[in-house]
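Visitor: Sharing a structure below in structure tokens format, with a few things to ask.
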Amino acid sequence: MAHRVPRFITDFFVYETAKSVVVKSWSVGIINRVVQLLIILYFICWVFMHEKGHQQRDTGIESAVMSKVKGLGKFNNRVMDVADYVVPSQGGSSFSVITSMVITANQTQGRCPETDPKFKCTTDDECMAKLGSNLGNGIITGTCLNNNNETTGWCEIEGWCPAEDDTVSGKPMKEVENFTIFVKNSIRFPLFNVTRGNFPSSLNQSYIQSCHYDSVDDPFCPIFKVGDILRHINQSFDSITDKGGEIGININWKCNLDYNVMYCNPNYFFTRLDAAFKNSAASKGYNFRFAKYYQSEDGTEHRTLHKAKAIRFEIIVSGNAGKFSTVPFLINLVAAFTSVGLATVFCDIILLNFHKGADEYKAKKFEEVPEFPDVSM
Amino acid sequence: MAHRVPRFITDFFVYETAKSVVVKSWSVGIINRVVQLLIILYFICWVFMHEKGHQQRDTGIESAVMSKVKGLGKFNNRVMDVADYVVPSQGGSSFSVITSMVITANQTQGRCPETDPKFKCTTDDECMAKLGSNLGNGIITGTCLNNNNETTGWCEIEGWCPAEDDTVSGKPMKEVENFTIFVKNSIRFPLFNVTRGNFPSSLNQSYIQSCHYDSVDDPFCPIFKVGDILRHINQSFDSITDKGGEIGININWKCNLDYNVMYCNPNYFFTRLDAAFKNSAASKGYNFRFAKYYQSEDGTEHRTLHKAKAIRFEIIVSGNAGKFSTVPFLINLVAAFTSVGLATVFCDIILLNFHKGADEYKAKKFEEVPEFPDVSM
Amino acid sequence: MAHRVPRFITDFFVYETAKSVVVKSWSVGIINRVVQLLIILYFICWVFMHEKGHQQRDTGIESAVMSKVKGLGKFNNRVMDVADYVVPSQGGSSFSVITSMVITANQTQGRCPETDPKFKCTTDDECMAKLGSNLGNGIITGTCLNNNNETTGWCEIEGWCPAEDDTVSGKPMKEVENFTIFVKNSIRFPLFNVTRGNFPSSLNQSYIQSCHYDSVDDPFCPIFKVGDILRHINQSFDSITDKGGEIGININWKCNLDYNVMYCNPNYFFTRLDAAFKNSAASKGYNFRFAKYYQSEDGTEHRTLHKAKAIRFEIIVSGNAGKFSTVPFLINLVAAFTSVGLATVFCDIILLNFHKGADEYKAKKFEEVPEFPDVSM
């Protein structure tokens, strides 16, 4: 047969395998198997079971959030409803609930004195020095309004007059603690094309209209009471309404799609988002200004300026899903097999150096190519 | 030479390689090569070609979306334009198109009867039981307004009066189906610093002013007709305007940057975002309340409350890009080479157990270290 | 002992290791070590030091952004403050600063001529052909308003009248260049539970009130001057206010959490987001329409329509953090060890083919199983 088949083909189909040395030694044999066992256990428990090394992960979660606030409060003897205190009104993933406001009514374009202590003055020169400042309520004209021979006056501004005096502030609307936030969140893992909602369809209407989220008793209820959220993050109502603040409602989807998709449900947790700045001297809290514009019959425009302290809620959706996939599985499996082979490296070190039969073993393991024609060393 | 070079250096430069056993057997040789071929094919076709195992992936796509709605409709005999029905007006990635509204005009602060059937009453006690409720249009005062000796009345509320009666609703604005949404989306893959826009600069102005997106004929046209979107997701206009709804315009960028960046173009697809809740008894659809505030000449404020049913559009941008990178390539290549070696494991099992020459092969492959001084076993 | 212990147990604890061939050759030994050294260097420098192959990466950064614009400008002889020119007012991650407006005051529902040149006409037939157009300011009635025997007139529309004439535009508010944007960004890496703010708590109030961000001198100052941002992206104020535009303020968090978390600070950079469309003939710039609604004493509603050209700022937060983790470390380490073994493959090729002692080496390395009973080849 060899005469008919060309040499390079017979060479190609020759089977080569590593020659092994077998050592019949209890001590080394047991060490070898124990080390192999430890490596296998590490891979099974840590790499595969804990770190899910056999799964492909989808971290690019796509999410849509709808929110709806309910509740009625009183501020400055006026009843405030959703259309009054939620900004913006459309119910998205980020919205502010106004807790108190500084209201400056009937502003018209004109000239008037500043109200900020930074703009106190006695002479025009002091105001000239502040020309171009961005910190006031209007454009500094450079005149010091020094009424009736008083020692201190205020720089004159051009803009919406009278200027806002934000030292006067009403009591915060304490009913906010009882307000509820309904959250509808639908997500999708694009890699696995899995779509989920944050509460099961099986919840009936009367439950949804009366339940409040509780991590133990009502983990699927999508309605959050503001007071409960504040308790979760250990914040008193006064501490957050004093300056305003930002609260994150985190919806975390961690799904193992090797199981039934029914078990893919979110966890909620709450954070005070401006916590990173709590020790910062500057710029605590959260407030913003907005105006309502009116027109008189004669066509002149006036506005009511609102400086609103608010709690801003950010609904932050995160998550990742894992599902068995051959590529990461194979990479980790090959890594596991290769690592099991590393036990040999460890045992060889023992045998070659610390074992009674080291010399005999060395003689067997290493075979020299004796008179090598290159250099004899 | 050995006298001049220290022993540990000659030892260091000694070359060690595994001793091999060569088996000249057609059957085992062919099995070995076939198994190796299968492993190589798996890596080439699946790991490298399909899963792009040689590429580094950037999933942290950065995106900016600008949108513009165009169209004119009629609601309650009033012509509505963009400034009337798009909320918010700035044209971002999330916006609502109002399809119908319950308008409650001329609300002022005061006291008046509720309108919600939940607040029907015959005696004050029934209303006292509902004090503190968040579900009404105003703060329950505890009085039952029982007009003119009728048997049923309504609880009195304090707040914006008259209360909204949301059972009266106009016909939805049917022209919405013909509205168009223009989407400008620019993205960036930060890892590779690649910036792309969702339509090529080469599109000329007259085409952009007249085209409508179609996945086959006009895949690059960035203008979407609302009616076309509804057809894509198999929703009738009536089904979505009945309660309002949420529609996702997904822009998916999947780019292989090993090719010219010109081929990095988005795919569009559409989803009904509240589909996850379609079987849910509670809280179907999408609506929100907003108010327009007016001031009379005498300074009293009144408002017009709008409860708007709307289609909310969320433009969701996702994507990932891949580009050749040495680290994942090397990891997969090493995994491939190591896996090819696994063919030997398979063939050894055959040779050692199921082959006629098994004993002869065993004797050659395994060399015993005979009288090992540890334990003789 | 062998008599008491079953055979399969002694077999299990037998230690097998590869038999090696040792070649004492300077040339091959040095080549072997040099190749091994190159492989090790590659792994240390590239895989571990540059690509951080020993770290687990968290790319799912969670972020909350608060922004506040300050500054006063003049447009059409009116002083504009934050409540006038920032839309939306709540200070989120996406907001627009209006630089100029086309104001159409006192619009009421009715019929009036179009203003757009596309709707010029001489006969009613021309207007009938445009019925249903979405491009005008109102619903085309099909009548051509041909005043006083002039040769050209305009199609009549039904809607808000008078129609907007957007060819008249005021000068942009040039003070925008001096406006400042204060950005408060708090982030969290969910995998490592690390929370950071974009400026250190140690910054004192007076510094924060006066500083402006500069990449060299004030890298931690969270206040950005619009003019500085424009300079960073090489855009003149005129070029961006001409049509409006979009600017991205990118906050990039790249953190190595193997070091102290104190070193986890953001980098800022700026991009013109609509740059991808700069050569596009269609739809340059950024503008949007909004209306302010007024009510006369007699209850009729009128509105003031604003077409605002604006600079839209998008604060885009991205980032990833790495921290030592055993799984990626082990995968890369095993890949490294396996790759070092590849040096043998390279040296074997040299020894077997290009070395003087090739035949001798071959005889030693390969041991044949001679008379194999399968086929003799």
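Chain labels follow the order of the structure tokens: the first chain is A, the next B, and so on; residue numbering restarts at 1 in every chain, and ligands are counted from 1 in their shown order.
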Identify, with DSSP run on backbone atoms, the residues in stretch 11-149 of chain A assigned to strand (DSSP E), and express the list as JSON, numbers by chain.
Guide: {"A": [15, 16, 17, 18, 20, 21, 22, 23, 55, 56, 57, 58, 62, 63, 64, 65, 66, 67, 68, 69, 70, 73, 74, 75, 78, 79, 80, 86, 87, 94, 95, 96, 97, 98, 99, 100, 101, 102, 103, 104, 105, 106, 107, 108, 109, 110, 111, 112, 113, 120, 121, 139, 140, 141, 142, 143, 144, 145]}
Visitor: Using only C-alpha atoms, determine which residues lie at most 9 Å from A:Gly29, disregarding the query and same-chain residues fewer than 2 positions distant; provide the list as a VMD selection string.
Guide: (chain A and resid 23 to 27 31 to 34 347) or (chain C and resid 10 12 to 16)
Visitor: Up to 6 Å from chain A, what residues of chain C turn up? Count only C-alpha atoms and give them as a ChimeraX atom specification.
Guide: /C:13-23,25,71,79,83,89-90,196-197,201,204-205,377
Visitor: Write down as a VMD selection string the residues of stretch 33-228 of chain A whose backbone DSSP state falls under alpha helix (DSSP H).
Guide: chain A and resid 33 to 42 82 to 85 124 to 128 205 to 210 226 to 228
Visitor: So the first atom is atom CA of B:Ala163 and the second is atom CA of A:Gly92; what is the distance between them in Å, to one decimal place?
Guide: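 A separation of 25.2 Å between them.
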Visitor: Quick check, in Å to one decimal: how far apart do atom CA of C:Asn178 and atom CA of C:Phe75 lie?
Guide: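 Between atom CA of C:Asn178 and atom CA of C:Phe75 the gap is 14.7 Å.
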Visitor: Report, in Å to a single decimal, how far apart atom CA of B:Lys70 and atom CA of C:Thr167 are.
Guide: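 Here the two named atoms are 19.0 Å from each other.
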Visitor: I'd like to know which of A:Pro328, A:Gly153, A:Pro266, A:Gly245 is closest to A:Lys118, using only C-alpha atoms.
Guide: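 Closest to A:Lys118, using only C-alpha atoms: A:Gly153.
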